[in-house]
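What follows is the content of protein_27.pdb (PDB, C-alpha atoms).
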```pdb
MODEL        1
ATOM      1  CA  MET H   1      94.321  63.397 103.891
ATOM      2  CA  ASP H   2      93.452  65.919 106.582
ATOM      3  CA  ILE H   3      93.096  69.677 107.059
ATOM      4  CA  THR H   4      96.589  70.010 108.492
ATOM      5  CA  GLN H   5      98.159  68.412 105.416
ATOM      6  CA  LEU H   6      96.225  70.763 103.159
ATOM      7  CA  LYS H   7      97.386  73.789 105.153
ATOM      8  CA  TYR H   8     100.961  72.548 104.944
ATOM      9  CA  PHE H   9     100.569  72.104 101.189
ATOM     10  CA  LEU H  10      99.236  75.662 100.787
ATOM     11  CA  THR H  11     102.133  77.105 102.770
ATOM     12  CA  VAL H  12     104.734  75.282 100.665
ATOM     13  CA  ALA H  13     102.906  76.354  97.501
ATOM     14  CA  LYS H  14     102.972  79.971  98.699
ATOM     15  CA  TYR H  15     106.699  80.140  99.430
ATOM     16  CA  CYS H  16     108.026  77.468  97.028
ATOM     17  CA  HIS H  17     110.624  76.674  99.647
ATOM     18  CA  ILE H  18     110.447  73.859 102.205
ATOM     19  CA  THR H  19     112.791  75.441 104.743
ATOM     20  CA  TYR H  20     111.025  78.801 104.775
ATOM     21  CA  ALA H  21     107.569  77.180 104.802
ATOM     22  CA  ALA H  22     108.610  75.031 107.766
ATOM     23  CA  GLU H  23     109.732  78.161 109.601
ATOM     24  CA  GLN H  24     106.355  79.798 109.054
ATOM     25  CA  LEU H  25     104.573  76.660 110.280
ATOM     26  CA  TYR H  26     106.822  76.200 113.320
ATOM     27  CA  ILE H  27     107.691  72.607 112.402
ATOM     28  CA  SER H  28     110.896  70.947 111.248
ATOM     29  CA  GLN H  29     111.810  70.736 107.583
ATOM     30  CA  SER H  30     111.861  66.931 107.740
ATOM     31  CA  ALA H  31     108.396  66.780 109.306
ATOM     32  CA  LEU H  32     106.981  69.098 106.640
ATOM     33  CA  SER H  33     108.586  67.056 103.840
ATOM     34  CA  LYS H  34     107.082  63.901 105.328
ATOM     35  CA  HIS H  35     103.588  65.404 105.332
ATOM     36  CA  ILE H  36     103.945  66.553 101.714
ATOM     37  CA  ASN H  37     105.216  63.100 100.659
ATOM     38  CA  GLN H  38     102.263  61.440 102.404
ATOM     39  CA  LEU H  39      99.860  63.788 100.641
ATOM     40  CA  GLU H  40     101.412  63.045  97.240
ATOM     41  CA  THR H  41     101.253  59.315  97.955
ATOM     42  CA  GLU H  42      97.568  59.525  98.803
ATOM     43  CA  VAL H  43      96.797  61.622  95.729
ATOM     44  CA  GLY H  44      98.966  59.366  93.580
ATOM     45  CA  LEU H  45     100.673  62.285  91.849
ATOM     46  CA  LYS H  46     103.631  64.575  92.322
ATOM     47  CA  LEU H  47     102.308  67.975  93.392
ATOM     48  CA  PHE H  48     105.718  69.684  93.475
ATOM     49  CA  ASP H  49     108.646  69.642  91.074
ATOM     50  CA  ARG H  50     111.808  69.343  93.174
ATOM     51  CA  SER H  51     114.294  69.145  90.299
ATOM     52  CA  GLU H  52     115.550  72.696  90.813
ATOM     53  CA  ARG H  53     117.045  74.454  93.823
ATOM     54  CA  THR H  54     113.619  75.800  94.696
ATOM     55  CA  ILE H  55     110.457  73.804  94.284
ATOM     56  CA  ARG H  56     107.430  74.667  92.180
ATOM     57  CA  LEU H  57     103.962  73.301  91.582
ATOM     58  CA  THR H  58     103.443  70.706  88.892
ATOM     59  CA  SER H  59     100.443  70.950  86.575
ATOM     60  CA  ALA H  60      98.586  68.585  88.893
ATOM     61  CA  GLY H  61      99.744  70.701  91.839
ATOM     62  CA  HIS H  62      98.199  73.826  90.350
ATOM     63  CA  GLU H  63      94.909  71.986  89.905
ATOM     64  CA  PHE H  64      95.101  70.587  93.437
ATOM     65  CA  LEU H  65      95.836  74.084  94.788
ATOM     66  CA  SER H  66      92.408  75.456  93.846
ATOM     67  CA  PHE H  67      90.644  72.520  95.517
ATOM     68  CA  ALA H  68      92.783  72.816  98.652
ATOM     69  CA  GLU H  69      92.070  76.542  98.960
ATOM     70  CA  ASP H  70      88.346  75.878  98.602
ATOM     71  CA  VAL H  71      88.398  73.141 101.248
ATOM     72  CA  ILE H  72      90.326  75.282 103.761
ATOM     73  CA  ASP H  73      88.043  78.249 103.128
ATOM     74  CA  LYS H  74      84.925  76.137 103.741
ATOM     75  CA  HIS H  75      86.542  74.534 106.788
ATOM     76  CA  ASP H  76      87.281  77.920 108.356
ATOM     77  CA  LYS H  77      83.784  79.184 107.623
ATOM     78  CA  MET H  78      82.273  76.033 109.125
ATOM     79  CA  LEU H  79      84.239  76.457 112.355
ATOM     80  CA  LEU H  80      83.199  80.086 112.666
ATOM     81  CA  LYS H  81      79.548  79.307 112.009
ATOM     82  CA  MET H  82      79.630  76.584 114.651
ATOM     83  CA  GLN H  83      81.016  79.051 117.160
ATOM     84  CA  TYR H  84      77.698  80.856 117.047
ATOM     85  CA  TYR H  85      76.103  77.743 118.518
ATOM     86  CA  GLN H  86      78.719  77.130 121.198
ATOM     87  CA  GLN H  87      77.889  78.221 124.724
ATOM     88  CA  SER H  88      74.579  79.592 123.495
ATOM     89  CA  ASP H  89      73.399  79.837 127.112
ATOM     90  CA  LYS H  90      76.060  82.490 127.754
ATOM     91  CA  GLY H  91      75.917  84.348 124.460
ATOM     92  CA  CYS H  92      78.894  84.971 122.253
ATOM     93  CA  LEU H  93      80.526  87.530 120.022
ATOM     94  CA  THR H  94      82.742  86.696 117.048
ATOM     95  CA  ILE H  95      85.279  89.286 115.976
ATOM     96  CA  GLY H  96      88.238  89.363 113.602
ATOM     97  CA  ALA H  97      91.550  91.134 114.050
ATOM     98  CA  ILE H  98      94.740  91.611 112.103
ATOM     99  CA  PRO H  99      97.847  90.190 113.866
ATOM    100  CA  ILE H 100      98.578  93.243 116.045
ATOM    101  CA  MET H 101      96.786  92.363 119.272
ATOM    102  CA  SER H 102      99.922  91.850 121.367
ATOM    103  CA  GLN H 103     101.719  94.921 120.032
ATOM    104  CA  TYR H 104      98.763  97.210 120.775
ATOM    105  CA  ASP H 105      97.620  95.531 124.002
ATOM    106  CA  ILE H 106      94.260  94.632 122.465
ATOM    107  CA  GLN H 107      94.161  91.260 124.196
ATOM    108  CA  ARG H 108      94.161  93.026 127.586
ATOM    109  CA  ALA H 109      91.133  95.050 126.520
ATOM    110  CA  ILE H 110      89.302  91.874 125.468
ATOM    111  CA  ALA H 111      90.168  90.185 128.760
ATOM    112  CA  ALA H 112      88.837  93.199 130.654
ATOM    113  CA  PHE H 113      85.631  93.095 128.588
ATOM    114  CA  GLU H 114      85.040  89.424 129.412
ATOM    115  CA  LYS H 115      85.705  90.135 133.073
ATOM    116  CA  GLN H 116      83.134  92.918 133.076
ATOM    117  CA  TYR H 117      80.643  90.863 131.024
ATOM    118  CA  PRO H 118      81.227  87.236 132.118
ATOM    119  CA  ASP H 119      78.096  86.034 130.287
ATOM    120  CA  ILE H 120      79.608  86.971 126.912
ATOM    121  CA  THR H 121      82.269  84.780 125.301
ATOM    122  CA  VAL H 122      84.420  86.539 122.690
ATOM    123  CA  HIS H 123      85.605  84.339 119.809
ATOM    124  CA  ILE H 124      88.584  85.844 118.002
ATOM    125  CA  PHE H 125      89.756  85.057 114.484
ATOM    126  CA  GLU H 126      93.179  86.515 113.669
ATOM    127  CA  GLU H 127      94.176  86.887 110.011
ATOM    128  CA  LYS H 128      95.449  89.370 107.447
ATOM    129  CA  GLY H 129      93.343  92.397 106.695
ATOM    130  CA  ASP H 130      91.902  91.345 103.332
ATOM    131  CA  HIS H 131      90.803  87.984 104.741
ATOM    132  CA  ILE H 132      89.217  89.621 107.789
ATOM    133  CA  ILE H 133      87.242  92.050 105.611
ATOM    134  CA  LYS H 134      85.964  89.206 103.413
ATOM    135  CA  MET H 135      84.803  87.305 106.480
ATOM    136  CA  LEU H 136      83.105  90.464 107.749
ATOM    137  CA  ASP H 137      81.297  90.858 104.422
ATOM    138  CA  ASP H 138      80.263  87.181 104.497
ATOM    139  CA  GLU H 139      78.710  87.736 107.954
ATOM    140  CA  LEU H 140      81.128  85.320 109.588
ATOM    141  CA  LEU H 141      82.228  88.147 111.878
ATOM    142  CA  GLU H 142      80.219  90.862 113.583
ATOM    143  CA  LEU H 143      83.113  93.251 114.088
ATOM    144  CA  ALA H 144      86.691  93.579 112.865
ATOM    145  CA  ILE H 145      89.794  95.352 114.133
ATOM    146  CA  VAL H 146      91.836  96.436 111.107
ATOM    147  CA  ARG H 147      93.934  99.259 109.744
ATOM    148  CA  THR H 148      91.705 101.725 107.937
ATOM    149  CA  ALA H 149      94.165 101.894 105.033
ATOM    150  CA  THR H 150      92.996  98.398 104.036
ATOM    151  CA  LEU H 151      89.317  99.323 103.813
ATOM    152  CA  PRO H 152      87.856  99.424 100.291
ATOM    153  CA  GLY H 153      85.900 102.619  99.737
ATOM    154  CA  SER H 154      83.444 103.924 102.337
ATOM    155  CA  LEU H 155      81.388 100.774 102.841
ATOM    156  CA  TYR H 156      82.082 100.461 106.547
ATOM    157  CA  LYS H 157      81.270 102.209 109.764
ATOM    158  CA  VAL H 158      84.624 103.098 111.313
ATOM    159  CA  VAL H 159      85.230 103.533 115.044
ATOM    160  CA  PRO H 160      88.821 104.868 115.427
ATOM    161  CA  LEU H 161      90.802 103.296 118.270
ATOM    162  CA  PHE H 162      94.358 104.631 117.926
ATOM    163  CA  GLU H 163      96.942 105.975 115.495
ATOM    164  CA  ASP H 164     100.523 104.892 114.847
ATOM    165  CA  GLU H 165     103.347 106.327 112.745
ATOM    166  CA  MET H 166     105.748 104.666 110.324
ATOM    167  CA  VAL H 167     109.460 104.635 111.107
ATOM    168  CA  LEU H 168     112.544 103.452 109.259
ATOM    169  CA  VAL H 169     114.065 100.460 111.047
ATOM    170  CA  THR H 170     117.811  99.872 110.725
ATOM    171  CA  SER H 171     120.567  98.152 112.657
ATOM    172  CA  LYS H 172     122.337 100.247 115.298
ATOM    173  CA  THR H 173     125.470 100.333 113.129
ATOM    174  CA  HIS H 174     123.743 101.403 109.914
ATOM    175  CA  PRO H 175     124.719 104.916 108.645
ATOM    176  CA  LEU H 176     121.061 105.975 108.449
ATOM    177  CA  ALA H 177     120.593 105.222 112.149
ATOM    178  CA  GLN H 178     122.369 108.486 112.985
ATOM    179  CA  LYS H 179     119.975 110.746 111.040
ATOM    180  CA  ARG H 180     116.953 112.191 112.831
ATOM    181  CA  PRO H 181     114.536 112.934 111.324
ATOM    182  CA  LEU H 182     115.141 111.156 108.041
ATOM    183  CA  ALA H 183     113.952 111.939 104.535
ATOM    184  CA  LEU H 184     112.709 108.612 103.218
ATOM    185  CA  LYS H 185     114.385 109.223  99.854
ATOM    186  CA  GLU H 186     117.751 108.859 101.660
ATOM    187  CA  ALA H 187     116.953 105.144 101.901
ATOM    188  CA  ALA H 188     116.169 104.813  98.192
ATOM    189  CA  ASN H 189     119.224 102.643  97.470
ATOM    190  CA  GLU H 190     118.798 100.341 100.464
ATOM    191  CA  PRO H 191     117.448  96.768 100.219
ATOM    192  CA  PHE H 192     114.111  96.641 102.020
ATOM    193  CA  ILE H 193     112.675  93.843 104.131
ATOM    194  CA  LEU H 194     108.920  94.371 104.241
ATOM    195  CA  LEU H 195     105.923  92.441 105.435
ATOM    196  CA  ASP H 196     104.509  90.314 102.639
ATOM    197  CA  SER H 197     101.975  91.758 100.204
ATOM    198  CA  GLY H 198      99.053  90.232 102.095
ATOM    199  CA  ALA H 199      99.752  92.430 105.095
ATOM    200  CA  GLY H 200      97.649  95.554 105.552
ATOM    201  CA  LEU H 201     100.602  97.940 105.587
ATOM    202  CA  TYR H 202     102.203  96.821 102.337
ATOM    203  CA  ASP H 203     100.352  99.308 100.106
ATOM    204  CA  LEU H 204     101.015 102.079 102.612
ATOM    205  CA  PHE H 205     104.735 101.294 102.445
ATOM    206  CA  LEU H 206     104.780 101.407  98.651
ATOM    207  CA  THR H 207     102.783 104.642  98.589
ATOM    208  CA  ALA H 208     105.234 106.293 100.990
ATOM    209  CA  CYS H 209     108.192 105.249  98.832
ATOM    210  CA  ALA H 210     106.476 106.450  95.663
ATOM    211  CA  LYS H 211     105.775 109.813  97.284
ATOM    212  CA  ALA H 212     109.468 110.003  98.196
ATOM    213  CA  GLY H 213     110.319 109.471  94.528
ATOM    214  CA  PHE H 214     111.566 105.885  94.352
ATOM    215  CA  SER H 215     110.470 102.288  93.954
ATOM    216  CA  PRO H 216     112.031 100.151  96.705
ATOM    217  CA  PHE H 217     114.141  97.085  96.061
ATOM    218  CA  ILE H 218     112.419  94.492  98.241
ATOM    219  CA  ARG H 219     114.914  91.828  99.247
ATOM    220  CA  TYR H 220     112.674  89.709 101.484
ATOM    221  CA  GLN H 221     108.985  89.615 102.341
ATOM    222  CA  PRO H 222     108.544  87.608 105.547
ATOM    223  CA  THR H 223     105.178  87.124 107.242
ATOM    224  CA  ARG H 224     106.418  87.735 110.789
ATOM    225  CA  ILE H 225     107.786  90.876 112.416
ATOM    226  CA  GLU H 226     110.354  88.827 114.350
ATOM    227  CA  THR H 227     111.908  87.633 111.081
ATOM    228  CA  ILE H 228     112.172  91.182 109.752
ATOM    229  CA  ILE H 229     113.821  92.352 112.980
ATOM    230  CA  GLY H 230     116.340  89.528 112.801
ATOM    231  CA  PHE H 231     117.345  90.355 109.235
ATOM    232  CA  VAL H 232     117.567  94.094 109.957
ATOM    233  CA  ALA H 233     119.655  93.502 113.090
ATOM    234  CA  GLU H 234     122.114  91.557 110.936
ATOM    235  CA  ASN H 235     122.405  94.504 108.483
ATOM    236  CA  MET H 236     120.750  92.557 105.655
ATOM    237  CA  GLY H 237     118.440  95.436 104.853
ATOM    238  CA  VAL H 238     116.178  98.118 106.303
ATOM    239  CA  SER H 239     112.463  98.122 106.886
ATOM    240  CA  LEU H 240     109.446 100.354 107.303
ATOM    241  CA  LEU H 241     107.268  99.444 110.259
ATOM    242  CA  MET H 242     104.905 101.131 112.667
ATOM    243  CA  ARG H 243     106.543 102.609 115.774
ATOM    244  CA  LYS H 244     104.353 100.890 118.399
ATOM    245  CA  VAL H 245     104.660  97.551 116.651
ATOM    246  CA  ILE H 246     108.464  97.600 116.519
ATOM    247  CA  SER H 247     108.761  99.038 120.045
ATOM    248  CA  PHE H 248     106.888  96.041 121.418
ATOM    249  CA  PHE H 249     109.791  93.741 120.541
ATOM    250  CA  ASN H 250     112.428  96.004 122.184
ATOM    251  CA  HIS H 251     115.338  94.536 120.220
ATOM    252  CA  PRO H 252     118.692  95.954 121.418
ATOM    253  CA  ASP H 253     120.388  95.905 118.003
ATOM    254  CA  ILE H 254     117.924  97.954 115.942
ATOM    255  CA  VAL H 255     117.048 101.647 115.750
ATOM    256  CA  CYS H 256     113.762 103.333 114.786
ATOM    257  CA  THR H 257     114.167 106.640 112.955
ATOM    258  CA  GLU H 258     111.274 109.020 112.454
ATOM    259  CA  LEU H 259     110.518 110.328 108.975
ATOM    260  CA  GLN H 260     110.590 113.996 107.999
ATOM    261  CA  GLU H 261     107.212 113.584 106.328
ATOM    262  CA  PRO H 262     105.125 111.567 108.800
ATOM    263  CA  VAL H 263     103.180 108.560 107.507
ATOM    264  CA  THR H 264     100.437 107.423 109.870
ATOM    265  CA  SER H 265      98.087 104.471 110.074
ATOM    266  CA  ASN H 266      94.823 104.267 111.986
ATOM    267  CA  VAL H 267      93.528 101.108 113.651
ATOM    268  CA  ALA H 268      89.756 100.967 114.008
ATOM    269  CA  LEU H 269      86.828  98.781 114.917
ATOM    270  CA  VAL H 270      84.721  98.395 111.769
ATOM    271  CA  PHE H 271      81.493  96.838 110.527
ATOM    272  CA  PRO H 272      79.459  97.284 107.323
ATOM    273  CA  HIS H 273      77.125 100.254 106.983
ATOM    274  CA  GLY H 274      73.512  99.225 107.415
ATOM    275  CA  ARG H 275      74.260  96.141 109.498
ATOM    276  CA  LYS H 276      72.430  96.080 112.806
ATOM    277  CA  LEU H 277      74.761  95.040 115.573
ATOM    278  CA  SER H 278      73.750  92.550 118.232
ATOM    279  CA  PRO H 279      73.520  93.776 121.842
ATOM    280  CA  ASN H 280      76.803  91.985 122.593
ATOM    281  CA  ALA H 281      78.539  93.715 119.673
ATOM    282  CA  ASN H 282      77.234  97.106 120.817
ATOM    283  CA  LEU H 283      78.543  96.477 124.311
ATOM    284  CA  PHE H 284      81.940  95.537 122.911
ATOM    285  CA  ARG H 285      82.086  98.589 120.631
ATOM    286  CA  ASN H 286      81.285 100.986 123.481
ATOM    287  CA  PHE H 287      83.721  99.211 125.792
ATOM    288  CA  LEU H 288      86.624  99.564 123.318
ATOM    289  CA  ILE H 289      85.831 103.238 122.709
ATOM    290  CA  ASN H 290      86.065 103.923 126.448
ATOM    291  CA  TRP H 291      89.117 101.692 126.892
ATOM    292  CA  PHE H 292      91.256 103.321 124.224
ATOM    293  CA  SER H 293      90.087 106.844 125.013
ATOM    294  CA  LYS H 294      91.902 106.417 128.338
TER     295      LYS H 294
ENDMDL
END
```

Translate this structure into structure tokens?
Amino acid sequence: MDITQLKYFLTVAKYCHITYAAEQLYISQSALSKHINQLETEVGLKLFDRSERTIRLTSAGHEFLSFAEDVIDKHDKMLLKMQYYQQSDKGCLTIGAIPIMSQYDIQRAIAAFEKQYPDITVHIFEEKGDHIIKMLDDELLELAIVRTATLPGSLYKVVPLFEDEMVLVTSKTHPLAQKRPLALKEAANEPFILLDSGAGLYDLFLTACAKAGFSPFIRYQPTRIETIIGFVAENMGVSLLMRKVISFFNHPDIVCTELQEPVTSNVALVFPHGRKLSPNANLFRNFLINWFSK
């Protein structure tokens, strides 16, 4: 039994579907099934019930799930703690970020920072917003780049970096693609394809729909933007995404339509109130402020 097998198990348990889990893990369905079978052989129990069209956890699988989550959590924390001791002669900085670095060109800013400060190594942990905030609270990260909508209360010092607006994403041939701007309530009867509930924008999406007077029918909840774009391009539903995020992919068969009542989201560098930042963290904070102000 190894960490990879446990991560594979958790992914299958999350989606209850081998094919979709394999897609998320970027491995073949047969390879994933083999890993799960090996894990069940080692445990000596069936962890999944495969008698139906979709699979589900057995009673033993539910019990195993809690242990697997605990092991993976401790494993991730161990790796991050060890990073503090790596390259100690150079100094390091550990930050967390939600999966938007490519879409917002954040990686270029980090590369420029390391070029300007070659004695500082930036370790980056990319995860969903709620996980990043927990790691920040547990002092596994010094700084985090997240959407402010995901922040609980006013417990954090917030350094705004940039703002983005929500748009309705449809195929080029969809009737709503011709309306500009669009009242969100006009999409009330459409099937929606949204990022899964662990994503930082999910609550913002639901709030926008509620304000427009409807509860959306959510047909799919993928974890990747590329999957959403593919479904939308095939006219399998519409989506709500941030303009800069969707523009990054530049798909020829989809259209972004602005909303009559704008819904915005701010991305910020955050850290808990009262926490004294290291010199490296202060340098990074000031660098990002100057970078994005340009």

**OP:** Please write the residues picked by the PyMOL selection byres ((chain H and resi 58) around 6) on this file as a list in words.
**Re:** Leu47, Phe48, Asp49, Leu57, Ser59, Ala60 and Gly61 of chain H

Subject >> Protein and nucleic acid residues near (95.0, 90.6, 122.4) (cut-off 12 Å, all atoms listed in the file) as JSON, numbers by chain >> reply: {"H": [95, 96, 97, 98, 99, 100, 101, 102, 103, 104, 105, 106, 107, 108, 109, 110, 111, 112, 113, 122, 123, 124, 125, 126, 145]}

With 6 Å of padding per side, what axis-aligned box (centre and edge lengths, Å, one decimal) covers all the listed atoms of region 149-158 of chain H? Give it as lines of an AutoDock Vina configuration file.
```
center_x = 87.7
center_y = 101.2
center_z = 105.5
size_x = 24.9
size_y = 17.5
size_z = 23.6
```

Original post:
In Å, how far is it from CA of Val232 (chain H) to CA of Ser30 (chain H)?
Top reply: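 CA of Ser30 (chain H) lies 27.8 Å from CA of Val232 (chain H).
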
Subject >> Selected residue of minimal separation from Arg180 (chain H) among H:Glu258, H:Glu52, H:Asp2, H:Glu23, counting all atoms listed in the file >> reply: H:Glu258

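Here CA of Ala22 (chain H) is placed at a distance of 21.3 Å from CA of Val71 (chain H).
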
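Using all atoms listed in the file for every distance, the candidate list H:Ser51, H:Glu190, H:Trp291, H:Lys128 yields H:Lys128 as the residue closest to Arg224 (chain H).
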
**OP:** Expand the PyMOL selection byres ((chain H and resi 162-165) around 7) into the individual residues it matches in the shown file, reporting them as a ChimeraX atom specification.
**Re:** /H:160-161,166-167,242-244,262-267

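Of the residues under consideration (H:Phe67, H:Tyr156, H:Tyr20, H:Tyr26), H:Tyr20 shows the shortest atom-to-atom contact distance to Thr54 (chain H) when counting all atoms listed in the file.
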
**OP:** Using the chain letters and numbering of this document, enumerate as a VMD selection string the residues selected by the PyMOL selection byres ((chain H and resi 236-241) around 8).
**Re:** chain H and resid 166 to 171 190 to 194 205 219 228 231 to 235 242 to 243 245 to 246

Limited to C-alpha atoms, could you put the picked residues into a file as a PDB file, keeping the file's coordinate frame?
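Result saved to again-v2.pdb:
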```pdb
ATOM      1  CA  MET H 166     105.748 104.666 110.324  1.00  0.00           C
ATOM      2  CA  VAL H 167     109.460 104.635 111.107  1.00  0.00           C
ATOM      3  CA  LEU H 168     112.544 103.452 109.259  1.00  0.00           C
ATOM      4  CA  VAL H 169     114.065 100.460 111.047  1.00  0.00           C
ATOM      5  CA  THR H 170     117.811  99.872 110.725  1.00  0.00           C
ATOM      6  CA  SER H 171     120.567  98.152 112.657  1.00  0.00           C
ATOM      7  CA  GLU H 190     118.798 100.341 100.464  1.00  0.00           C
ATOM      8  CA  PRO H 191     117.448  96.768 100.219  1.00  0.00           C
ATOM      9  CA  PHE H 192     114.111  96.641 102.020  1.00  0.00           C
ATOM     10  CA  ILE H 193     112.675  93.843 104.131  1.00  0.00           C
ATOM     11  CA  LEU H 194     108.920  94.371 104.241  1.00  0.00           C
ATOM     12  CA  PHE H 205     104.735 101.294 102.445  1.00  0.00           C
ATOM     13  CA  ARG H 219     114.914  91.828  99.247  1.00  0.00           C
ATOM     14  CA  ILE H 228     112.172  91.182 109.752  1.00  0.00           C
ATOM     15  CA  PHE H 231     117.345  90.355 109.235  1.00  0.00           C
ATOM     16  CA  VAL H 232     117.567  94.094 109.957  1.00  0.00           C
ATOM     17  CA  ALA H 233     119.655  93.502 113.090  1.00  0.00           C
ATOM     18  CA  GLU H 234     122.114  91.557 110.936  1.00  0.00           C
ATOM     19  CA  ASN H 235     122.405  94.504 108.483  1.00  0.00           C
ATOM     20  CA  MET H 242     104.905 101.131 112.667  1.00  0.00           C
ATOM     21  CA  ARG H 243     106.543 102.609 115.774  1.00  0.00           C
ATOM     22  CA  VAL H 245     104.660  97.551 116.651  1.00  0.00           C
ATOM     23  CA  ILE H 246     108.464  97.600 116.519  1.00  0.00           C
TER      24      ILE H 246
END
```

Original post:
Could you pull the residues within 9 Å of region 181-184 of chain H, counting all atoms listed in the file, minus those fewer than 6 positions along the same chain, as a PyMOL selection string?
Top reply: chain H and resi 168+208-209+212+257-261

Original post:
Between H:Ile3, H:Gln38, H:Asp196, H:Leu201, which is the closest to Ile218 (chain H) once you count all atoms listed in the file?
Top reply: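 Answer, going by the shortest atom-to-atom distance: H:Asp196.
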
Subject >> Interatomic distance (Å, one decimal) between CA of Asp119 (chain H) and CA of Cys92 (chain H) >> reply: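 Result for CA of Asp119 (chain H) versus CA of Cys92 (chain H): 8.1 Å, one decimal.
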
Show me, as a PDB file with C-alpha atoms, keeping the file's coordinate frame, the residues that have an atom within 10 Å of Arg285 (chain H) when counting only C-alpha atoms, minus same-chain residues fewer than 5 positions from it.
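Output file out.pdb follows:
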```pdb
ATOM      1  CA  LEU H 143      83.113  93.251 114.088  1.00  0.00           C
ATOM      2  CA  VAL H 159      85.230 103.533 115.044  1.00  0.00           C
ATOM      3  CA  LEU H 269      86.828  98.781 114.917  1.00  0.00           C
ATOM      4  CA  VAL H 270      84.721  98.395 111.769  1.00  0.00           C
ATOM      5  CA  LEU H 277      74.761  95.040 115.573  1.00  0.00           C
ATOM      6  CA  PRO H 279      73.520  93.776 121.842  1.00  0.00           C
ATOM      7  CA  ASN H 280      76.803  91.985 122.593  1.00  0.00           C
ATOM      8  CA  ASN H 290      86.065 103.923 126.448  1.00  0.00           C
ATOM      9  CA  TRP H 291      89.117 101.692 126.892  1.00  0.00           C
TER      10      TRP H 291
END
```

**OP:** Can you work out which one of H:Leu136, H:His251, H:Met1, H:Gln221 has the shortest atom-to-atom distance to Arg275 (chain H), counting all atoms listed in the file?
**Re:**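 Checking each candidate against Arg275 (chain H), we get H:Leu136 as the closest.
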
**OP:** Between H:Leu141, H:Ala13, H:Leu25, H:Leu65, single out the one closest to Ser278 (chain H), counting only C-alpha atoms.
**Re:**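 Answer, going by the shortest atom-to-atom distance: H:Leu141.
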